[in-house]
>>> print(open('run-v8.cif').read())   # mmCIF, C-alpha atoms
data_coords
loop_
_atom_site.label_atom_id
_atom_site.label_comp_id
_atom_site.auth_asym_id
_atom_site.auth_seq_id
_atom_site.Cartn_x
_atom_site.Cartn_y
_atom_site.Cartn_z
CA MET A 1 -1.26 -31.96 -13.75
CA PRO A 2 -1.15 -28.49 -12.13
CA ILE A 3 -1.46 -28.08 -8.39
CA ARG A 4 -3.28 -25.25 -6.65
CA VAL A 5 -1.88 -23.53 -3.56
CA LYS A 6 -2.93 -20.53 -1.48
CA VAL A 7 -0.49 -17.67 -0.96
CA ARG A 8 -1.16 -15.28 1.92
CA ASN A 9 0.01 -11.68 2.04
CA ALA A 10 1.07 -11.36 5.68
CA GLU A 11 0.88 -7.56 5.57
CA THR A 12 -2.81 -7.44 4.72
CA GLY A 13 -4.23 -10.90 5.29
CA SER A 14 -5.35 -11.11 1.65
CA THR A 15 -4.82 -14.35 -0.24
CA VAL A 16 -4.51 -15.57 -3.81
CA ASP A 17 -4.97 -19.07 -5.19
CA MET A 18 -2.23 -19.97 -7.67
CA GLU A 19 -2.00 -22.83 -10.10
CA MET A 20 1.45 -24.11 -10.94
CA GLU A 21 3.42 -26.94 -12.47
CA ASN A 22 6.10 -29.08 -10.85
CA GLU A 23 8.82 -27.21 -12.77
CA ASN A 24 7.83 -23.74 -11.53
CA THR A 25 10.22 -22.15 -9.03
CA MET A 26 9.63 -20.40 -5.72
CA ASP A 27 10.97 -17.21 -7.32
CA GLU A 28 8.18 -17.41 -9.89
CA ILE A 29 5.58 -17.81 -7.16
CA VAL A 30 6.94 -14.80 -5.27
CA ARG A 31 7.07 -12.73 -8.47
CA GLY A 32 3.51 -13.70 -9.42
CA ALA A 33 2.03 -12.90 -6.01
CA ALA A 34 4.12 -9.74 -5.51
CA SER A 35 3.13 -8.46 -8.93
CA PHE A 36 -0.55 -9.04 -8.12
CA TRP A 37 -0.21 -6.99 -4.94
CA ASN A 38 2.06 -4.37 -6.54
CA LYS A 39 4.99 -5.33 -4.34
CA ASN A 40 8.72 -5.55 -4.95
CA PRO A 41 9.42 -9.32 -5.08
CA GLY A 42 13.02 -8.84 -3.97
CA ALA A 43 11.90 -7.63 -0.55
CA TYR A 44 10.00 -10.79 0.42
CA VAL A 45 10.63 -14.36 1.39
CA LEU A 46 8.24 -17.27 1.06
CA ARG A 47 7.50 -19.76 3.78
CA ARG A 48 5.53 -22.94 4.27
CA GLY A 49 5.16 -23.49 7.98
CA LYS A 50 8.58 -22.98 9.54
CA ARG A 51 10.42 -23.76 6.31
CA LEU A 52 11.96 -21.07 4.10
CA LEU A 53 11.28 -21.82 0.43
CA ARG A 54 14.37 -20.81 -1.50
CA GLY A 55 14.11 -19.01 -4.81
CA SER A 56 15.56 -21.49 -7.26
CA GLN A 57 13.84 -24.54 -5.78
CA THR A 58 11.06 -26.03 -7.87
CA VAL A 59 7.58 -27.05 -6.78
CA LEU A 60 8.66 -30.66 -7.11
CA GLU A 61 11.85 -30.18 -5.07
CA VAL A 62 9.99 -28.41 -2.31
CA GLY A 63 7.25 -31.00 -2.35
CA LEU A 64 4.33 -28.59 -2.65
CA LYS A 65 0.96 -30.29 -2.72
CA ASP A 66 -2.55 -29.28 -3.65
CA ALA A 67 -4.13 -26.95 -1.04
CA ASP A 68 -0.82 -26.08 0.62
CA GLU A 69 -0.71 -22.64 2.24
CA LEU A 70 2.30 -20.42 1.70
CA GLU A 71 2.97 -17.01 3.19
CA LEU A 72 4.80 -14.01 1.81
CA ILE A 73 6.90 -12.47 4.60
CA PRO A 74 8.51 -9.03 4.39
CA ASP A 75 12.28 -8.86 4.74
CA PRO A 76 12.89 -5.29 5.96
CA GLU A 77 16.14 -3.40 6.18
CA GLY A 78 16.75 -0.57 8.60
CA GLY A 79 19.61 1.66 9.36
CA TYR A 80 20.99 5.02 10.05
CA ARG A 81 22.44 6.88 7.12
CA ALA A 82 21.56 10.52 7.50
CA PRO A 83 18.37 12.30 8.44
CA PRO A 84 16.31 12.95 5.30
CA GLN A 85 16.43 16.59 4.24
CA MET B 1 6.41 -24.18 -19.45
CA ARG B 2 4.31 -21.31 -18.19
CA GLY B 3 4.62 -19.49 -14.88
CA PRO B 4 2.25 -19.85 -11.94
CA SER B 5 -1.11 -18.21 -12.58
CA ILE B 6 -3.50 -16.57 -10.14
CA VAL B 7 -6.92 -18.16 -10.40
CA ALA B 8 -8.69 -16.56 -7.42
CA ASP B 9 -8.13 -13.88 -4.84
CA GLN B 10 -9.68 -12.90 -1.56
CA GLN B 11 -9.33 -9.49 0.06
CA ALA B 12 -9.05 -9.43 3.83
CA ASN B 13 -12.03 -7.82 5.53
CA ILE B 14 -11.39 -5.05 8.01
CA ARG B 15 -13.45 -5.90 11.05
CA ASP B 16 -15.33 -3.34 13.12
CA LEU B 17 -13.89 -3.46 16.63
CA PRO B 18 -13.85 -0.78 19.32
CA PRO B 19 -10.27 0.19 20.22
CA PRO B 20 -8.95 -0.43 23.76
CA ALA B 21 -10.82 1.64 26.34
CA ARG B 22 -9.13 4.89 27.24
CA GLU B 23 -8.64 3.82 30.85
CA ARG B 24 -6.51 0.95 29.56
CA THR B 25 -4.22 3.09 27.44
CA ARG B 26 -1.29 5.40 28.14
CA ALA B 27 1.20 7.48 26.22
CA HIS B 28 4.62 5.89 26.13
CA LYS B 29 6.89 7.10 28.93
CA TRP B 30 9.72 7.82 26.49
CA LEU B 31 7.78 10.36 24.44
CA SER B 32 9.29 13.81 24.18
CA GLU B 33 7.25 16.83 25.33
CA ARG B 34 6.38 17.61 21.73
CA ARG B 35 5.29 14.06 20.94
CA LEU B 36 3.31 13.89 24.16
CA ALA B 37 1.40 17.02 23.14
CA GLU B 38 0.71 15.44 19.75
CA PHE B 39 -0.47 12.27 21.48
CA LYS B 40 -2.94 14.22 23.62
CA ALA B 41 -4.32 16.02 20.58
CA LYS B 42 -4.61 12.79 18.61
CA GLU B 43 -6.28 11.00 21.51
CA LYS B 44 -9.30 13.27 21.06
CA GLU B 45 -9.73 12.56 17.34
CA GLY B 46 -8.78 8.87 17.38
CA ILE B 47 -5.50 7.02 17.82
CA GLU B 48 -4.44 4.98 14.78
CA LEU B 49 -1.84 2.74 16.42
CA TYR B 50 -2.16 0.77 19.65
CA LEU B 51 0.79 -1.15 21.03
CA SER B 52 0.20 -3.82 23.65
CA LYS B 53 2.18 -3.62 26.88
CA LEU B 54 3.63 -7.01 26.01
CA ALA B 55 4.88 -5.84 22.60
CA GLU B 56 6.18 -2.58 24.06
CA GLU B 57 8.20 -4.40 26.71
CA LYS B 58 9.66 -6.83 24.20
CA ILE B 59 10.71 -4.00 21.87
CA ARG B 60 12.21 -1.92 24.68
CA ASN B 61 14.04 -4.89 26.19
CA HIS B 62 15.32 -5.95 22.80
CA ALA B 63 16.75 -2.48 22.16
CA LEU B 64 18.12 -2.10 25.70
CA ALA B 65 19.87 -5.47 25.47
CA HIS B 66 22.11 -4.05 22.75
CA VAL B 67 22.89 -0.63 24.16
CA ARG B 68 26.37 -1.62 25.25
CA ASP B 69 27.43 -3.12 21.93
CA ARG B 70 25.56 -0.35 20.05
CA ARG B 71 23.90 -2.84 17.69
CA GLU B 72 20.63 -1.97 16.02
CA VAL B 73 17.76 -4.39 16.60
CA MET B 74 14.68 -5.06 14.50
CA GLY B 75 11.49 -7.09 14.41
CA LEU B 76 7.97 -7.33 13.00
CA LEU B 77 4.81 -5.86 14.58
CA LEU B 78 2.05 -8.48 14.71
CA GLY B 79 -1.60 -7.72 15.20
CA GLY B 80 -4.57 -6.66 13.16
CA ILE B 81 -6.17 -3.77 11.31
CA TYR B 82 -9.61 -2.70 12.48
CA ARG B 83 -12.15 0.07 11.97
CA HIS B 84 -14.42 1.81 14.42
CA ASP B 85 -16.51 4.96 14.12
CA GLY B 86 -14.90 5.76 10.78
CA THR B 87 -11.32 5.47 12.10
CA GLU B 88 -9.04 2.73 10.85
CA TYR B 89 -6.43 1.65 13.34
CA ALA B 90 -3.78 -1.01 13.86
CA LEU B 91 -3.53 -3.03 17.03
CA VAL B 92 -0.10 -4.54 17.74
CA ARG B 93 -0.51 -7.52 20.05
CA ASP B 94 2.95 -9.03 19.86
CA VAL B 95 6.25 -8.89 18.00
CA ALA B 96 8.54 -11.44 16.37
CA THR B 97 12.21 -11.31 15.58
CA THR B 98 15.15 -13.58 14.96
CA ASP B 99 18.93 -13.46 14.77
CA LEU B 100 20.04 -10.27 13.07
CA ASP B 101 22.74 -9.14 10.76
CA ALA B 102 23.40 -5.80 12.43
CA THR B 103 25.94 -3.06 13.00
CA ASP B 104 25.55 0.26 14.79
CA VAL B 105 24.12 1.77 11.60
CA SER B 106 22.28 -1.06 9.82
CA VAL B 107 20.11 -4.03 10.54
CA ARG B 108 18.31 -6.84 8.78
CA PHE B 109 17.32 -10.42 9.48
CA ASP B 110 20.14 -12.93 9.28
CA PRO B 111 19.22 -14.89 6.12
CA ARG B 112 20.21 -18.11 7.90
CA ALA B 113 17.74 -17.43 10.72
CA PHE B 114 14.40 -17.07 8.95
CA GLU B 115 13.20 -20.43 10.20
CA LYS B 116 13.58 -19.23 13.79
CA LEU B 117 11.33 -16.28 12.87
CA PHE B 118 8.79 -18.61 11.27
CA VAL B 119 8.61 -20.79 14.38
CA GLN B 120 7.67 -17.68 16.37
CA LEU B 121 5.05 -16.71 13.81
CA ASP B 122 3.51 -20.18 14.02
CA GLU B 123 3.47 -20.09 17.80
CA ILE B 124 2.03 -16.59 18.13
CA GLY B 125 -1.44 -17.95 18.88
CA PHE B 126 -3.59 -15.69 16.72
CA ARG B 127 -4.15 -15.02 13.02
CA TYR B 128 -1.80 -12.07 12.67
CA ILE B 129 -1.26 -9.37 10.14
CA ILE B 130 2.22 -7.85 10.00
CA VAL B 131 1.18 -4.25 10.59
CA GLY B 132 4.69 -2.83 10.51
CA TRP B 133 8.19 -3.18 11.88
CA TYR B 134 10.36 -1.81 14.65
CA HIS B 135 14.05 -1.09 14.79
CA SER B 136 16.46 0.83 16.97
CA HIS B 137 18.75 3.79 16.45
CA PRO B 138 21.09 3.40 19.42
CA SER B 139 21.99 7.01 20.31
CA TYR B 140 20.93 8.50 16.93
CA HIS B 141 17.46 9.68 17.98
CA CYS B 142 14.23 8.69 16.26
CA PHE B 143 13.76 9.52 12.61
CA MET B 144 13.35 7.66 9.33
CA SER B 145 16.65 7.35 7.46
CA SER B 146 16.69 6.99 3.70
CA THR B 147 17.04 3.21 4.15
CA ASP B 148 14.07 3.16 6.52
CA VAL B 149 11.93 5.21 4.14
CA GLN B 150 12.81 2.88 1.28
CA THR B 151 11.74 -0.11 3.40
CA GLN B 152 8.49 1.63 4.34
CA ARG B 153 7.70 2.44 0.70
CA THR B 154 8.54 -1.06 -0.48
CA LEU B 155 6.99 -3.16 2.27
CA PHE B 156 4.70 -1.14 4.51
CA ASN B 157 2.98 1.37 2.27
CA LEU B 158 -0.57 1.07 3.56
CA ARG B 159 -1.77 3.90 5.77
CA ALA B 160 -2.34 1.43 8.61
CA HIS B 161 1.28 0.22 8.48
CA SER B 162 3.76 1.75 10.91
CA ALA B 163 7.48 1.92 11.54
CA LEU B 164 8.41 2.14 15.20
CA VAL B 165 11.85 3.60 15.88
CA ILE B 166 13.38 3.40 19.34
CA ASP B 167 16.54 4.99 20.70
CA PRO B 168 17.37 3.12 23.92
CA VAL B 169 20.31 5.39 24.74
CA ASN B 170 18.38 8.66 24.72
CA LYS B 171 15.18 6.90 25.84
CA GLU B 172 13.11 8.03 22.87
CA ILE B 173 10.48 6.26 20.82
CA GLU B 174 8.43 7.37 17.84
CA ALA B 175 6.15 5.78 15.24
CA PHE B 176 5.98 6.81 11.60
CA PHE B 177 3.73 6.08 8.63
CA LEU B 178 3.40 6.99 4.97
CA ASP B 179 0.80 9.61 4.15
CA ASP B 180 0.51 9.88 0.37
CA GLY B 181 4.14 8.84 0.07
CA ARG B 182 5.42 11.25 2.71
CA VAL B 183 6.74 10.11 6.07
CA ARG B 184 4.82 11.46 9.04
CA SER B 185 5.01 10.92 12.77
CA ARG B 186 2.15 8.85 14.21
CA PRO B 187 1.04 9.25 17.82
CA PHE B 188 0.45 5.85 19.39
CA ALA B 189 -0.90 4.48 22.65
CA VAL B 190 0.28 1.61 24.80
CA PHE B 191 -2.62 -0.56 25.96
CA TRP B 192 -3.06 -3.47 28.27
CA ASP B 193 -5.71 -6.14 28.43
CA GLN B 194 -8.45 -5.93 30.99
CA PHE B 195 -6.85 -8.53 33.22
CA GLN B 196 -3.24 -7.49 32.65
CA SER B 197 -2.97 -4.11 34.29
CA PRO B 198 0.67 -3.10 34.46
CA TYR B 199 -0.05 -1.75 37.94
CA TYR B 200 -0.74 -5.23 39.30
CA GLY B 201 0.96 -8.56 38.88
CA THR B 202 0.03 -10.57 35.83
CA SER B 203 0.66 -13.98 37.33
CA VAL B 204 -0.30 -15.70 40.55
CA ARG B 205 1.79 -18.52 41.85
CA MET B 206 1.11 -20.76 44.80
CA ARG B 207 3.04 -19.61 47.85
CA GLN B 208 5.41 -22.21 49.24
CA THR B 209 4.18 -22.93 52.75
CA GLU B 210 6.22 -25.99 53.57
CA VAL B 211 9.72 -25.50 54.96
CA ILE B 212 12.20 -28.32 54.96
CA VAL B 213 14.96 -28.17 57.56
CA SER B 214 17.46 -30.96 57.83
CA GLY B 215 15.17 -33.27 55.97
CA GLU B 216 12.27 -32.58 58.35
CA MET B 217 9.14 -31.04 56.88
CA LEU B 218 7.48 -28.41 59.06
CA GLU B 219 3.83 -27.49 58.76
CA PRO B 220 2.73 -23.90 59.35
CA ASP B 221 0.39 -23.27 62.26
CA ASP B 222 -2.97 -21.56 61.82
CA ALA B 223 -1.34 -18.15 61.76
CA GLY B 224 0.96 -19.22 58.96
CA ASN B 225 4.10 -19.39 61.13
CA GLU B 226 6.41 -22.34 61.08
CA GLU B 227 6.22 -24.40 64.24
CA ARG B 228 9.80 -23.62 65.25
CA SER B 229 10.42 -19.91 65.33
CA GLY B 230 13.62 -18.59 63.82
CA LEU B 231 14.09 -21.54 61.54
CA ARG B 232 13.34 -19.54 58.43
CA ASN B 233 16.27 -17.28 59.18
CA ASP B 234 18.46 -20.22 59.95
CA ALA B 235 17.57 -22.03 56.76
#
>>> encode(input="run-v8.cif", output="structure tokens")
Amino acid sequence: MPIRVKVRNAETGSTVDMEMENENTMDEIVRGAASFWNKNPGAYVLRRGKRLLRGSQTVLEVGLKDADELELIPDPEGGYRAPPQ
Amino acid sequence: MRGPSIVADQQANIRDLPPPARERTRAHKWLSERRLAEFKAKEKEGIELYLSKLAEEKIRNHALAHVRDRREVMGLLLGGIYRHDGTEYALVRDVATTDLDATDVSVRFDPRAFEKLFVQLDEIGFRYIIVGWYHSHPSYHCFMSSTDVQTQRTLFNLRAHSALVIDPVNKEIEAFFLDDGRVRSRPFAVFWDQFQSPYYGTSVRMRQTEVIVSGEMLEPDDAGNEERSGLRNDA
């Protein structure tokens, strides 16, 4: 029986509803949502409330339930290399 | 087993909201002469980035706290994207950060500290949009490095998204955005809420009028003086 959760794009406020099975992983959720919004999945993390949902964890392991709300959070990197020419 | 599938989507609406009134905005005090001139020109046609006094102070204090150890700092800009009179603009109301994995030339969130960031996001008190990010270049001036540009292209590629770079050593600050893939400087204004003028106090606390000396509580007289003169100095 698939469950349906909402994933929010924190950079725009847009949301998608996703259906998934217990065996699906958090990585797959991130990839699916990031692909929909033309984003690089490697640059984001997924959260439910204050909890970080780690990539290889499954829906069952995380305990996702119908109507849960997840959020895609950017994971930026900054730093000085050299001024762009 | 098939992967998760998207069965519905909802685009966020950009609300029409007048930007902060001009009398409640200022250019940042760390702008260079050139950036100040750009700010004044942009003010006439419509500012696209407003930074609350609260967010500005948090960013500046965060960067200043790591001047001595020369560590870069970083965080997320939280607010909303609005439109008014044909101009789209971002309003940064607050910022969030967490423990960092930083050197003098690089910075990112400590992967073990995301949950601390999420607690802040949950306690922020409004439905935020992450409208950009800030980070510091301690003593390297404000520009977008190749790493910064890559981050902007990957994560913050909407026109309304901004990257705020602060150099706490040289006291410089500058915002950037992507314009058709090219990095450009973005003039921004600092604003304060109607009842939070930076030129007045933002909090009012009850003045302590009771003085306890040697276990004896003294009541002020009608003029507000303690009944025994000189006791305040003695206390």
>>> resolve_selection(input="run-v8.cif", expression="the PyMOL selection byres ((chain A) within 7 of (chain B))", output="VMD selection string")
chain A and resid 10 to 20 24 28 to 29 32 39 to 40 49 to 52 74 76 to 84
>>> atom_distance(input="run-v8.cif", atom1="atom CA of A:Thr58", atom2="atom CA of A:Glu21")
9.0 Å
>>> closest_residue(input="run-v8.cif", among="B:Ile166, B:Ala175, B:Ala65, B:Val95", to="B:Ala189", atoms="only C-alpha atoms")
B:Ala175
>>> atom_distance(input="run-v8.cif", atom1="atom CA of B:Gly86", atom2="atom CA of B:Ile173")
27.3 Å
>>> axis_aligned_box(input="run-v8.cif", around="stretch 57-64 of chain A", padding_each_side="8 Å", output="lines of an AutoDock Vina configuration file")
center_x = 9.1
center_y = -27.8
center_z = -5.1
size_x = 25.5
size_y = 22.5
size_z = 21.6
>>> closest_residue(input="run-v8.cif", among="B:His66, B:Arg207, B:Arg184, B:His28", to="B:Leu51", atoms="only C-alpha atoms")
B:His28
>>> atom_distance(input="run-v8.cif", atom1="atom CA of B:Gly181", atom2="atom CA of B:Tyr82")
21.8 Å
>>> decode(input="run-v8.cif", residues="chain A", atoms="C-alpha atoms", output="short mmCIF file (atom, residue, chain, number, x, y, z; two decimals), in the first residue's frame")
data_model
loop_
_atom_site.label_atom_id
_atom_site.label_comp_id
_atom_site.auth_asym_id
_atom_site.auth_seq_id
_atom_site.Cartn_x
_atom_site.Cartn_y
_atom_site.Cartn_z
CA MET A 1 0.00 0.00 0.00
CA PRO A 2 1.73 3.23 -1.11
CA ILE A 3 1.86 6.24 1.16
CA ARG A 4 1.58 9.85 0.01
CA VAL A 5 3.78 12.61 1.43
CA LYS A 6 4.29 16.28 0.63
CA VAL A 7 7.77 17.56 -0.20
CA ARG A 8 8.40 21.29 0.06
CA ASN A 9 11.05 23.16 -1.89
CA ALA A 10 12.35 25.58 0.76
CA GLU A 11 13.87 27.89 -1.87
CA THR A 12 10.57 28.64 -3.58
CA GLY A 13 7.79 27.43 -1.31
CA SER A 14 6.49 25.10 -4.03
CA THR A 15 5.41 21.60 -3.08
CA VAL A 16 4.95 18.20 -4.70
CA ASP A 17 2.90 15.25 -3.50
CA MET A 18 4.81 11.98 -3.88
CA GLU A 19 3.61 8.42 -3.64
CA MET A 20 6.07 5.85 -2.42
CA GLU A 21 6.49 2.34 -1.08
CA ASN A 22 8.03 1.25 2.21
CA GLU A 23 11.18 0.08 0.40
CA ASN A 24 11.91 3.42 -1.28
CA THR A 25 14.89 5.34 0.09
CA MET A 26 15.34 8.97 1.10
CA ASP A 27 17.86 9.31 -1.74
CA GLU A 28 15.13 8.33 -4.20
CA ILE A 29 12.78 10.94 -2.74
CA VAL A 30 15.45 13.64 -3.02
CA ARG A 31 16.29 12.58 -6.58
CA GLY A 32 12.62 12.56 -7.61
CA ALA A 33 11.85 15.99 -6.16
CA ALA A 34 15.15 17.55 -7.30
CA SER A 35 14.63 16.23 -10.81
CA PHE A 36 11.13 17.74 -10.90
CA TRP A 37 12.53 21.14 -9.91
CA ASN A 38 15.63 20.81 -12.11
CA LYS A 39 17.96 20.77 -9.13
CA ASN A 40 21.15 18.89 -8.36
CA PRO A 41 20.10 16.25 -5.79
CA GLY A 42 23.60 16.09 -4.31
CA ALA A 43 23.33 19.65 -3.03
CA TYR A 44 20.29 19.07 -0.81
CA VAL A 45 19.32 17.36 2.39
CA LEU A 46 15.88 16.18 3.40
CA ARG A 47 14.26 16.86 6.74
CA ARG A 48 11.12 15.95 8.61
CA GLY A 49 10.76 18.38 11.47
CA LYS A 50 14.13 18.61 13.19
CA ARG A 51 15.24 15.20 11.95
CA LEU A 52 17.69 14.73 9.07
CA LEU A 53 16.54 11.90 6.80
CA ARG A 54 19.64 10.07 5.65
CA GLY A 55 20.01 8.90 2.08
CA SER A 56 20.07 5.14 2.39
CA GLN A 57 17.27 4.93 4.95
CA THR A 58 13.99 3.51 3.68
CA VAL A 59 10.49 4.87 4.14
CA LEU A 60 9.84 2.05 6.59
CA GLU A 61 13.02 2.69 8.60
CA VAL A 62 12.30 6.38 8.84
CA GLY A 63 8.70 5.73 9.75
CA LEU A 64 7.14 8.00 7.14
CA LYS A 65 3.37 8.09 7.25
CA ASP A 66 0.62 9.27 4.96
CA ALA A 67 0.39 13.10 4.81
CA ASP A 68 3.83 13.65 6.34
CA GLU A 69 5.56 16.87 5.24
CA LEU A 70 9.20 16.80 4.25
CA GLU A 71 11.40 19.70 3.25
CA LEU A 72 14.29 19.91 0.82
CA ILE A 73 17.00 22.10 2.36
CA PRO A 74 19.97 23.49 0.40
CA ASP A 75 23.43 22.53 1.60
CA PRO A 76 25.63 25.36 0.28
CA GLU A 77 29.39 25.54 0.11
CA GLY A 78 31.33 28.77 0.11
CA GLY A 79 34.92 29.68 -0.02
CA TYR A 80 37.69 31.74 -1.36
CA ARG A 81 39.64 30.28 -4.22
CA ALA A 82 40.49 33.08 -6.59
CA PRO A 83 38.48 35.95 -7.99
CA PRO A 84 36.74 34.83 -11.20
CA GLN A 85 38.40 36.25 -14.29
#
